[in-house]
$ cat protein-v7.txt   # compact mmCIF, C-alpha atoms and all ligand atoms
# COMPACT_ATOMS: atom_id res chain seq x y z
CA MET A 758 251.41 41.82 118.89
CA ASP A 759 252.17 45.52 119.21
CA SER A 760 255.35 46.38 121.09
CA LEU A 761 253.65 48.29 123.91
CA ARG A 762 251.36 45.42 124.85
CA ALA A 763 254.30 42.98 124.65
CA ALA A 764 256.30 45.19 127.04
CA ARG A 765 253.42 45.60 129.46
CA TYR A 766 252.60 41.89 129.54
CA PRO A 767 255.84 40.03 128.73
CA PHE A 768 254.30 36.70 129.81
CA LEU A 769 251.96 36.63 126.81
CA ARG A 770 252.72 34.18 124.01
CA GLY A 771 252.57 37.13 121.63
CA ALA A 772 255.30 38.85 123.66
CA SER A 773 257.59 35.82 123.27
CA GLU A 774 256.98 35.88 119.53
CA PHE A 775 257.73 39.60 119.49
CA ALA A 776 261.02 38.98 121.34
CA GLU A 777 262.02 36.15 118.99
CA GLU A 778 261.30 38.28 115.97
CA HIS A 779 263.24 41.33 117.14
CA SER A 780 266.20 39.90 119.02
CA GLN A 781 269.08 37.52 118.38
CA GLY A 782 268.38 34.64 120.74
CA ILE A 783 269.02 33.74 124.33
CA GLU A 784 272.84 33.59 124.09
CA MET A 785 272.97 37.19 122.89
CA LEU A 786 270.58 38.22 125.68
CA LEU A 787 273.03 36.69 128.17
CA GLU A 788 276.23 38.19 126.82
CA GLY A 789 275.60 40.66 123.98
CA ALA A 790 276.52 44.29 124.62
CA ASN A 791 273.32 45.37 122.88
CA TYR A 792 271.27 43.63 125.55
CA ALA A 793 272.92 45.06 128.66
CA ASP A 794 269.81 47.17 129.33
CA ALA A 795 267.58 44.09 129.21
CA ARG A 796 269.86 42.30 131.68
CA LYS A 797 269.89 45.33 133.99
CA ARG A 798 266.11 45.55 133.90
CA GLY A 799 265.85 41.81 134.53
CA LEU A 800 268.05 42.15 137.61
CA ASP A 801 265.95 45.15 138.69
CA ARG A 802 262.77 43.09 138.39
CA VAL A 803 264.14 40.58 140.91
CA MET A 804 265.82 43.13 143.20
CA GLY A 805 262.70 45.30 143.18
CA ALA A 806 260.62 42.30 144.22
CA LEU A 807 263.02 41.43 147.02
CA LYS A 808 263.64 44.90 148.38
CA ASN A 809 260.39 46.79 147.74
CA HIS A 810 257.82 44.14 146.71
CA THR A 811 257.53 45.86 143.32
CA VAL A 812 258.69 45.53 139.74
CA PRO A 813 260.14 48.88 138.65
CA ASP A 814 258.31 50.94 136.03
CA TYR A 815 260.48 51.84 133.08
CA SER A 816 259.47 54.31 130.40
CA LEU A 817 258.08 52.40 127.39
CA THR A 818 257.95 55.28 124.93
CA ASN A 819 259.99 53.75 122.09
CA ASP A 820 260.52 50.36 120.47
CA TYR A 821 264.03 49.93 121.90
CA SER A 822 262.79 50.42 125.44
CA ARG A 823 259.87 48.06 124.88
CA LEU A 824 262.10 45.32 123.51
CA MET A 825 264.44 45.65 126.50
CA GLU A 826 261.43 45.38 128.79
CA VAL A 827 260.15 42.22 127.12
CA LEU A 828 263.60 40.61 127.25
CA SER A 829 264.12 41.55 130.88
CA TYR A 830 261.33 39.14 131.80
CA PRO A 831 262.95 35.84 130.68
CA TYR A 832 266.25 37.11 132.11
CA ALA A 833 264.62 37.69 135.52
CA ARG A 834 263.00 34.26 135.42
CA MET A 835 266.35 32.61 134.71
CA LEU A 836 267.89 34.40 137.69
CA VAL A 837 265.08 33.33 140.01
CA SER A 838 265.25 29.77 138.66
CA CYS A 839 269.00 29.45 139.20
CA ILE A 840 268.65 30.54 142.83
CA ASP A 841 265.54 28.37 143.32
CA ASP A 842 264.62 29.68 146.75
CA ARG A 843 261.03 29.54 147.98
CA LEU A 844 260.99 33.02 149.53
CA LEU A 845 262.55 34.61 146.46
CA THR A 846 260.20 32.81 144.07
CA LYS A 847 257.13 33.81 146.06
CA ARG A 848 258.20 37.44 146.39
CA TYR A 849 259.07 37.63 142.72
CA ALA A 850 255.76 36.06 141.67
CA LEU A 851 253.81 38.43 143.90
CA ALA A 852 255.64 41.53 142.65
CA GLU A 853 255.15 40.55 139.00
CA ALA A 854 251.46 39.85 139.62
CA GLU A 855 250.90 43.15 141.44
CA HIS A 856 252.69 45.00 138.68
CA MET A 857 250.48 43.34 136.07
CA ASN A 858 247.44 44.32 138.13
CA SER A 859 248.43 48.00 138.25
CA VAL A 860 249.04 48.07 134.48
CA LEU A 861 245.89 46.13 133.59
CA SER A 862 243.74 48.32 135.83
CA LYS A 863 244.42 51.20 133.43
CA ASP A 864 244.23 49.11 130.24
CA ARG A 865 240.89 47.32 130.08
CA GLU A 866 241.35 46.66 126.35
CA SER A 867 243.93 44.01 127.15
CA LEU A 868 241.66 42.22 129.60
CA PRO A 869 240.29 39.60 127.15
CA ILE A 870 243.82 38.70 125.99
CA ILE A 871 245.08 38.25 129.54
CA ILE A 872 242.04 36.14 130.44
CA GLU A 873 242.66 33.90 127.46
CA GLU A 874 246.38 33.58 128.19
CA LEU A 875 245.75 32.56 131.79
CA GLU A 876 242.96 30.18 130.71
CA ILE A 877 240.36 31.85 132.91
CA ASN A 878 236.73 31.01 132.21
CA ALA A 879 235.25 34.54 132.08
CA GLN A 880 233.16 36.61 129.70
CA LEU A 881 232.62 40.33 129.34
CA ASN A 882 229.07 41.71 129.74
CA ASN A 883 227.74 44.71 127.85
CA ASP A 884 227.69 46.84 131.01
CA GLY A 885 231.44 46.35 131.59
CA THR A 886 231.02 43.71 134.32
CA MET A 887 232.47 40.22 133.90
CA ASN A 888 231.04 36.75 134.41
CA LEU A 889 233.56 34.40 135.99
CA HIS A 890 232.87 30.68 136.33
CA PHE A 891 232.36 29.88 140.00
CA ALA A 892 235.08 27.19 139.96
CA ASP A 893 237.64 29.77 138.83
CA PHE A 894 236.25 32.24 141.34
CA LEU A 895 236.91 29.76 144.15
CA ARG A 896 240.33 28.85 142.73
CA PHE A 897 241.57 32.42 142.63
CA SER A 898 239.78 33.93 145.62
CA TYR A 899 240.68 31.37 148.29
CA VAL A 900 243.51 33.57 149.58
CA MET A 901 241.20 36.58 149.94
CA LYS A 902 240.09 36.75 153.54
CA ALA A 903 237.74 39.76 153.49
CA VAL A 904 234.05 38.99 153.80
CA GLU A 905 233.33 40.77 150.52
CA TRP A 906 235.13 37.93 148.70
CA LYS A 907 233.01 35.11 150.12
CA LEU A 908 231.01 33.30 147.45
CA ILE A 909 227.90 33.72 149.57
CA ASN A 910 228.17 37.50 149.09
CA MET A 911 228.49 37.24 145.33
CA ASN A 912 225.93 37.63 142.58
CA VAL A 913 225.89 34.09 141.12
CA LYS A 914 223.77 33.02 138.17
CA ASP A 915 223.94 29.83 136.08
CA GLY A 916 227.29 28.89 137.60
CA TYR A 917 228.90 32.27 136.88
CA VAL A 918 229.84 35.02 139.35
CA ARG A 919 229.11 38.52 138.13
CA LEU A 920 231.95 40.87 139.06
CA PRO A 921 232.96 44.45 138.35
CA ALA A 922 236.06 44.45 136.17
CA GLU A 923 238.31 45.76 138.95
CA LYS A 924 237.46 42.75 141.11
CA LEU A 925 238.16 40.41 138.25
CA VAL A 926 241.54 42.09 137.73
CA ARG A 927 242.34 41.40 141.39
CA LEU A 928 241.57 37.71 140.86
CA ILE A 929 243.62 37.69 137.66
CA GLN A 930 246.50 38.89 139.81
CA ASN A 931 246.13 35.76 141.95
CA ALA A 932 245.91 33.57 138.85
CA TYR A 933 249.07 35.08 137.41
CA ARG A 934 250.91 34.77 140.71
CA SER A 935 250.03 31.04 140.89
CA ARG A 936 251.05 30.59 137.27
CA ILE A 937 254.52 32.03 137.93
CA GLU A 938 254.99 29.99 141.10
CA SER A 939 254.02 26.81 139.27
CA GLU A 940 256.33 27.51 136.31
CA LEU A 941 259.45 28.26 138.33
CA PRO A 942 262.14 27.05 138.55
CA LEU A 943 262.86 26.73 134.83
CA LYS A 944 265.61 24.35 133.74
CA VAL A 945 268.50 26.70 133.02
CA PRO A 946 271.37 25.05 131.12
CA GLU A 947 274.62 24.92 133.06
CA GLU A 948 276.50 26.88 130.38
CA PHE A 949 274.11 29.85 130.84
CA ARG A 950 274.86 30.11 134.55
CA THR A 951 278.35 31.48 133.93
CA PHE A 952 276.80 34.57 132.38
CA LEU A 953 274.20 34.88 135.13
CA GLN A 954 276.55 34.31 138.06
CA ALA A 955 277.45 37.94 138.85
CA ASP A 956 273.76 38.89 139.09
CA ILE A 957 272.97 35.71 141.05
CA ASN A 958 275.59 36.72 143.61
CA LYS A 959 274.05 40.19 143.98
CA ILE A 960 270.59 38.73 144.54
CA ASN A 961 271.87 36.12 146.97
CA ALA A 962 273.45 38.82 149.13
CA VAL A 963 270.17 40.77 149.35
CA LEU A 964 268.20 37.56 149.88
CA ALA A 965 270.41 36.57 152.82
CA GLU A 966 269.84 39.99 154.42
CA ALA A 967 266.09 39.71 153.91
CA LYS A 968 266.03 36.27 155.51
CA ASN A 969 268.09 37.45 158.42
CA ARG A 970 265.67 40.34 158.99
CA MET A 971 262.73 37.93 158.90
CA ASP A 972 264.19 35.30 161.23
CA PRO A 973 262.38 36.06 164.51
CA THR A 974 265.06 34.38 166.58
CA ASN A 975 268.16 35.89 164.93
CA GLY A 976 269.34 32.30 164.55
CA GLU A 977 269.58 32.05 168.35
CA GLY A 978 266.75 29.61 168.98
CA MET A 979 263.46 30.25 170.79
CA LYS A 980 263.56 32.46 173.89
CA ASP A 981 260.70 31.73 176.31
CA GLU A 982 260.30 35.39 177.33
CA PHE A 983 259.36 36.39 173.77
CA VAL A 984 256.73 33.66 173.21
CA PRO A 985 253.15 35.02 172.96
CA PRO A 986 250.70 34.11 175.73
CA CYS A 987 248.54 31.89 173.49
CA ILE A 988 251.47 29.67 172.53
CA LYS A 989 252.74 29.59 176.13
CA ALA A 990 249.30 28.40 177.25
CA ILE A 991 249.15 25.72 174.56
CA ILE A 992 252.62 24.46 175.52
CA GLU A 993 251.52 24.23 179.16
CA MET A 994 248.37 22.36 178.16
CA ALA A 995 250.37 19.92 176.01
CA GLN A 996 252.87 19.29 178.76
CA ALA A 997 250.10 18.78 181.33
CA GLY A 998 248.69 16.01 179.14
CA GLN A 999 245.51 17.90 178.29
CA ASN A 1000 243.79 16.87 175.10
CA LEU A 1001 244.68 19.64 172.65
CA PRO A 1002 242.18 20.50 169.94
CA HIS A 1003 243.58 20.05 166.45
CA SER A 1004 243.68 23.83 165.91
CA ALA A 1005 245.88 24.29 169.01
CA ARG A 1006 248.25 21.50 168.02
CA PHE A 1007 248.47 22.95 164.53
CA ALA A 1008 249.11 26.48 165.83
CA LEU A 1009 251.81 25.27 168.22
CA VAL A 1010 253.73 23.09 165.76
CA SER A 1011 253.57 25.59 162.89
CA PHE A 1012 254.66 28.40 165.22
CA LEU A 1013 257.63 26.45 166.55
CA HIS A 1014 258.58 25.38 163.03
CA ALA A 1015 258.44 29.02 161.86
CA LEU A 1016 260.84 29.92 164.68
CA GLY A 1017 263.24 27.36 163.26
CA LEU A 1018 262.91 24.62 165.88
CA THR A 1019 263.91 21.19 164.60
CA TYR A 1020 261.71 18.11 164.64
CA GLN A 1021 263.58 16.83 167.71
CA GLN A 1022 263.05 20.11 169.56
CA ILE A 1023 259.35 20.17 168.73
CA ILE A 1024 258.65 16.59 169.70
CA ALA A 1025 260.56 17.13 172.95
CA ILE A 1026 257.82 19.60 173.98
CA PHE A 1027 255.12 16.96 173.47
CA ALA A 1028 257.23 14.19 175.02
CA VAL A 1029 256.74 15.65 178.52
CA SER A 1030 253.00 14.91 178.32
CA PRO A 1031 251.90 11.90 180.42
CA ASP A 1032 249.99 10.37 177.50
CA PHE A 1033 252.67 11.06 174.88
CA ASN A 1034 252.26 8.86 171.78
CA GLU A 1035 255.39 9.20 169.70
CA ALA A 1036 254.00 7.71 166.48
CA VAL A 1037 250.95 9.98 166.44
CA SER A 1038 252.96 13.09 167.34
CA GLU A 1039 255.63 12.28 164.77
CA TYR A 1040 253.07 12.00 161.99
CA GLN A 1041 251.34 15.25 162.97
CA ILE A 1042 254.55 17.23 163.32
CA LYS A 1043 256.00 15.98 160.05
CA HIS A 1044 252.75 16.71 158.26
CA ILE A 1045 252.52 20.28 159.59
CA THR A 1046 256.21 21.06 159.02
CA GLY A 1047 256.03 19.73 155.45
CA GLU A 1048 258.55 16.95 155.99
CA LEU A 1049 256.09 14.33 154.74
CA ASN A 1050 255.36 16.02 151.45
CA GLY A 1051 258.60 17.85 150.71
CA THR A 1052 257.24 21.37 151.30
CA ASP A 1053 258.22 24.13 153.73
CA GLY A 1054 255.19 23.39 155.86
CA TYR A 1055 252.22 25.47 156.91
CA THR A 1056 252.31 29.10 157.98
CA PRO A 1057 251.15 29.55 161.59
CA PRO A 1058 247.63 31.00 161.90
CA GLU A 1059 247.13 34.71 162.47
CA CYS A 1060 245.48 36.12 165.59
CA ALA A 1061 242.05 36.43 163.95
CA THR A 1062 242.06 32.69 163.19
CA MET A 1063 243.31 31.88 166.68
CA LYS A 1064 240.42 33.92 168.11
CA THR A 1065 237.87 32.22 165.87
CA ASN A 1066 239.22 28.84 167.00
CA GLY A 1067 239.00 29.85 170.67
CA ILE A 1068 242.74 29.48 171.29
CA CYS A 1069 243.75 33.13 171.73
CA PHE A 1070 244.62 32.46 175.37
CA ASN A 1071 245.53 35.23 177.86
CA PRO A 1072 246.09 38.13 175.43
CA ASP A 1073 248.18 40.89 177.00
CA PRO A 1074 248.45 44.63 176.13
CA LEU A 1075 250.95 43.99 173.29
CA CYS A 1076 248.34 41.75 171.62
CA GLU A 1077 246.22 44.84 170.91
CA HIS A 1078 248.87 46.03 168.45
CA ILE A 1079 249.64 42.87 166.49
CA LYS A 1080 247.84 40.60 164.08
CA HIS A 1081 250.07 37.56 164.18
CA PRO A 1082 251.72 35.60 167.01
CA LEU A 1083 255.02 35.61 165.12
CA ASN A 1084 254.98 39.38 165.09
CA TYR A 1085 254.43 39.34 168.86
CA TYR A 1086 257.66 37.36 169.07
CA ARG A 1087 259.44 39.70 166.67
CA ILE A 1088 258.49 42.81 168.63
CA LYS A 1089 259.52 41.28 171.93
CA ALA A 1090 262.81 40.24 170.34
CA GLY A 1091 263.33 43.78 169.00
CA LYS A 1092 263.12 42.64 165.37
CA PRO A 1093 261.44 44.92 162.81
CA PHE A 1094 258.83 43.41 160.56
CA GLY A 1095 257.41 44.51 157.23
CA ARG A 1096 254.34 43.83 155.18
CA ARG A 1097 253.29 40.30 154.34
CA GLN A 1098 255.94 38.58 156.41
CA GLU A 1099 253.48 35.92 157.45
CA ASP A 1100 252.31 35.42 153.88
CA GLU A 1101 255.73 34.22 153.01
S1 LIG B 1 246.27 38.22 170.25
FE1 LIG B 1 247.46 36.89 168.96
S2 LIG B 1 249.44 36.71 169.94
FE2 LIG B 1 248.05 37.56 171.45
S3 LIG B 1 247.33 35.77 172.57
FE3 LIG B 1 245.84 36.16 170.96
S4 LIG B 1 246.51 34.89 169.24
FE4 LIG B 1 248.21 35.03 170.67

$ encode --input "protein-v7.txt" --output "structure tokens"
Amino acid sequence: MDSLRAARYPFLRGASEFAEEHSQGIEMLLEGANYADARKRGLDRVMGALKNHTVPDYSLTNDYSRLMEVLSYPYARMLVSCIDDRLLTKRYALAEAEHMNSVLSKDRESLPIIIEELEINAQLNNDGTMNLHFADFLRFSYVMKAVEWKLINMNVKDGYVRLPAEKLVRLIQNAYRSRIESELPLKVPEEFRTFLQADINKINAVLAEAKNRMDPTNGEGMKDEFVPPCIKAIIEMAQAGQNLPHSARFALVSFLHALGLTYQQIIAIFAVSPDFNEAVSEYQIKHITGELNGTDGYTPPECATMKTNGICFNPDPLCEHIKHPLNYYRIKAGKPFGRRQEDE
């Protein structure tokens, strides 16, 4: 593989072969003076993802720079793996995928290679459009909420969705993001961690700040005066013993969980209801908060979903300026919020 393509797409098998051929192995990457630039770029990949949601663009004009770029990728992945934090992994995967998208958008020649690497069932048409198998379309578009991404609005023939190349590249971004999330954490040998520790410490410090900024409650627990009107109404309904629709129960539990309330604190809200059934509530809460399947639980629904489900109760003037109940809470609590907080 040529060095420029390897540097642009360091996840390709050909890029790994390029790195093996032109470097002196993982130990030298971790400690060799000749590889300090690769380690710095690897740290920048992770820091860029955490701080700015981007992977920095380095000049790739010569072979040295390209090799450093390729090697920075496994170094970054080792750092993320050692820390093994869900927020960090998701931010890193998203930044890498968006970076790949911006590079691939200007480099259509590499499209077939990327498609093959990510095992996407797609073929190029003579007019520059692509045919993507509908199963892959559904797999990679399910996070796209805009109407233009609904299968019903697509040109489908013989099981394939015909797409302009730029739309396919956007779906490839999703495929690559999922690939990274599924691959990490890697098993990093204990003896490697000594060399990684200084950079791990730097990332951990920035990660802790990011988490603190995102915590709507500042670690102080839920304050009733900041709770959005929809959630207040659902709490009142639950405590009055009204039969909550599943969507309302889901919105309430996921919202409280996102604010950091414990299982005991959440079930205490339902326990006031006259027809409280502990076994049923326990199962539902533990399912929604991820305790049953070892995940971090579901993200609370955004306002648009709440409206569709008919549970956007009593919106007030602040509601006109927000798209997510958690951001209502953040604004009331005087906490800033940035892009994609609810995606995370
Ligand atoms: S607009 Fe959003 S925050 Fe406000 S009541 Fe409706 S769902 Fe809740």

$ residues_near_ligand --input "protein-v7.txt" --ligand "ligand LIG 1 (chain B)" --cutoff "6 Å" --atoms "only C-alpha atoms and all ligand atoms" --output "NGL selection string"
:A and (985-987 or 1060 or 1063 or 1069-1072 or 1076 or 1081-1082 or 1085)

$ atom_distance --input "protein-v7.txt" --atom1 "CA of Arg762 in chain A" --atom2 "CA of Ser898 in chain A"
26.4 Å

$ closest_atom_pairs --input "protein-v7.txt" --of "range 883-1001 of chain A" --to "range 804-819 of chain A" --cutoff "12 Å" --atoms "only C-alpha atoms" --output "JSON lines"
{"residue": "A:Asp956", "atom": "CA", "partner": "A:Met804", "partner_atom": "CA", "distance": 9.9}
{"residue": "A:Ile957", "atom": "CA", "partner": "A:Met804", "partner_atom": "CA", "distance": 10.5}
{"residue": "A:Asn958", "atom": "CA", "partner": "A:Met804", "partner_atom": "CA", "distance": 11.7}
{"residue": "A:Lys959", "atom": "CA", "partner": "A:Met804", "partner_atom": "CA", "distance": 8.8}
{"residue": "A:Ile960", "atom": "CA", "partner": "A:Met804", "partner_atom": "CA", "distance": 6.6}
{"residue": "A:Asn961", "atom": "CA", "partner": "A:Met804", "partner_atom": "CA", "distance": 10.0}
{"residue": "A:Ala962", "atom": "CA", "partner": "A:Met804", "partner_atom": "CA", "distance": 10.6}
{"residue": "A:Val963", "atom": "CA", "partner": "A:Leu807", "partner_atom": "CA", "distance": 7.5}
{"residue": "A:Leu964", "atom": "CA", "partner": "A:Leu807", "partner_atom": "CA", "distance": 7.1}
{"residue": "A:Ala965", "atom": "CA", "partner": "A:Leu807", "partner_atom": "CA", "distance": 10.6}
{"residue": "A:Glu966", "atom": "CA", "partner": "A:Lys808", "partner_atom": "CA", "distance": 10.0}
{"residue": "A:Ala967", "atom": "CA", "partner": "A:Leu807", "partner_atom": "CA", "distance": 7.7}
{"residue": "A:Lys968", "atom": "CA", "partner": "A:Leu807", "partner_atom": "CA", "distance": 10.4}
{"residue": "A:Arg970", "atom": "CA", "partner": "A:Lys808", "partner_atom": "CA", "distance": 11.7}

$ atom_distance --input "protein-v7.txt" --atom1 "CA of Ser829 in chain A" --atom2 "CA of Arg802 in chain A"
7.8 Å

$ residues_near_point --input "protein-v7.txt" --point "(230.9, 41.1, 133.3)" --cutoff "10 Å" --atoms "all atoms listed in the file" --output "number ranges by chain"
A: 879-889, 917-922, 925

$ residues_around --input "protein-v7.txt" --residues "Ser1011 in chain A" --least-positions-apart "3" --cutoff "12 Å" --atoms "all atoms listed in the file" --output "JSON, numbers by chain"
{"A": [988, 1003, 1004, 1005, 1006, 1007, 1008, 1014, 1015, 1016, 1017, 1018, 1019, 1020, 1023, 1041, 1042, 1043, 1044, 1045, 1046, 1047, 1053, 1054, 1055, 1056, 1057, 1058, 1059, 1082, 1083, 1099]}

$ atom_distance --input "protein-v7.txt" --atom1 "CA of Met994 in chain A" --atom2 "CA of Gly978 in chain A"
21.8 Å

$ closest_atom_pairs --input "protein-v7.txt" --of "range 909-956 of chain A" --to "range 776-792 of chain A" --cutoff "12 Å" --atoms "all atoms listed in the file" --output "CSV"
residue,atom,partner,partner_atom,distance
A:Val945,CA,A:Ile783,CA,11.2
A:Pro946,CA,A:Glu784,CA,11.2
A:Glu948,CA,A:Glu784,CA,9.9
A:Phe949,CA,A:Leu787,CA,7.4
A:Arg950,CA,A:Leu787,CA,9.3
A:Thr951,CA,A:Leu787,CA,9.4
A:Phe952,CA,A:Leu787,CA,6.0
A:Leu953,CA,A:Leu787,CA,7.3
A:Gln954,CA,A:Leu787,CA,10.8
A:Ala955,CA,A:Leu787,CA,11.6
A:Asp956,CA,A:Leu787,CA,11.2

$ closest_residue --input "protein-v7.txt" --among "A:Ser760, A:Asn878, A:Ser939, A:Ser859" --to "Gly916 in chain A" --atoms "all atoms listed in the file"
A:Asn878

$ closest_residue --input "protein-v7.txt" --among "A:Lys980, A:Ile1068, A:Val803, A:Pro1002" --to "Leu844 in chain A" --atoms "only C-alpha atoms"
A:Val803

$ closest_residue --input "protein-v7.txt" --among "A:Arg1087, A:Arg770, A:Arg848, A:Arg934" --to "Pro973 in chain A" --atoms "all atoms listed in the file"
A:Arg1087

$ closest_residue --input "protein-v7.txt" --among "A:Gln930, A:Asn969, A:Ser1030, A:Ser862" --to "Asn1000 in chain A" --atoms "all atoms listed in the file"
A:Ser1030

$ axis_aligned_box --input "protein-v7.txt" --around "range 775-787 of chain A" --padding-each-side "3 Å" --output "lines of an AutoDock Vina configuration file"
center_x = 265.4
center_y = 37.5
center_z = 122.1
size_x = 21.3
size_y = 13.7
size_z = 18.2

$ build_atoms --input "protein-v7.txt" --residues "range 778-803 of chain A" --atoms "N, CA and C atoms" --output "compact mmCIF listing (two decimals), in the frame of the given file"
# COMPACT_ATOMS: atom_id res chain seq x y z
N GLU A 778 261.23 37.60 117.27
CA GLU A 778 261.30 38.28 115.97
C GLU A 778 262.31 39.43 115.97
N HIS A 779 262.45 40.09 117.12
CA HIS A 779 263.24 41.33 117.14
C HIS A 779 264.57 41.22 117.88
N SER A 780 264.92 40.03 118.32
CA SER A 780 266.20 39.90 119.02
C SER A 780 267.00 38.76 118.41
N GLN A 781 268.16 38.48 119.02
CA GLN A 781 269.08 37.52 118.38
C GLN A 781 269.29 36.26 119.22
N GLY A 782 268.29 35.91 120.02
CA GLY A 782 268.38 34.64 120.74
C GLY A 782 268.91 34.79 122.16
N ILE A 783 268.75 33.71 122.90
CA ILE A 783 269.02 33.74 124.33
C ILE A 783 270.51 33.99 124.65
N GLU A 784 271.41 33.41 123.81
CA GLU A 784 272.84 33.59 124.09
C GLU A 784 273.21 35.07 124.02
N MET A 785 272.66 35.76 123.01
CA MET A 785 272.97 37.19 122.89
C MET A 785 272.37 37.98 124.05
N LEU A 786 271.18 37.55 124.51
CA LEU A 786 270.58 38.22 125.68
C LEU A 786 271.52 38.10 126.88
N LEU A 787 272.18 36.94 127.00
CA LEU A 787 273.03 36.69 128.17
C LEU A 787 274.36 37.42 128.10
N GLU A 788 274.87 37.62 126.88
CA GLU A 788 276.23 38.19 126.82
C GLU A 788 276.39 39.34 125.85
N GLY A 789 275.42 39.61 124.99
CA GLY A 789 275.60 40.66 123.98
C GLY A 789 275.57 42.06 124.58
N ALA A 790 276.47 42.91 124.11
CA ALA A 790 276.52 44.29 124.62
C ALA A 790 275.21 45.03 124.34
N ASN A 791 274.57 44.68 123.24
CA ASN A 791 273.32 45.37 122.88
C ASN A 791 272.17 45.06 123.84
N TYR A 792 272.37 44.06 124.67
CA TYR A 792 271.27 43.63 125.55
C TYR A 792 271.55 43.92 127.02
N ALA A 793 272.57 44.75 127.26
CA ALA A 793 272.92 45.06 128.66
C ALA A 793 271.73 45.70 129.38
N ASP A 794 270.97 46.53 128.68
CA ASP A 794 269.81 47.17 129.33
C ASP A 794 268.75 46.14 129.74
N ALA A 795 268.57 45.14 128.88
CA ALA A 795 267.58 44.09 129.21
C ALA A 795 268.04 43.32 130.45
N ARG A 796 269.34 43.04 130.52
CA ARG A 796 269.86 42.30 131.68
C ARG A 796 269.73 43.15 132.95
N LYS A 797 270.01 44.45 132.81
CA LYS A 797 269.89 45.33 133.99
C LYS A 797 268.43 45.38 134.46
N ARG A 798 267.53 45.51 133.51
CA ARG A 798 266.11 45.55 133.90
C ARG A 798 265.66 44.22 134.51
N GLY A 799 266.20 43.13 133.98
CA GLY A 799 265.85 41.81 134.53
C GLY A 799 266.31 41.70 135.98
N LEU A 800 267.55 42.15 136.23
CA LEU A 800 268.05 42.15 137.61
C LEU A 800 267.18 43.06 138.47
N ASP A 801 266.79 44.22 137.93
CA ASP A 801 265.95 45.15 138.69
C ASP A 801 264.59 44.55 139.02
N ARG A 802 264.07 43.74 138.11
CA ARG A 802 262.77 43.09 138.39
C ARG A 802 262.90 42.26 139.68
N VAL A 803 263.98 41.48 139.76
CA VAL A 803 264.14 40.58 140.91
C VAL A 803 264.49 41.38 142.17
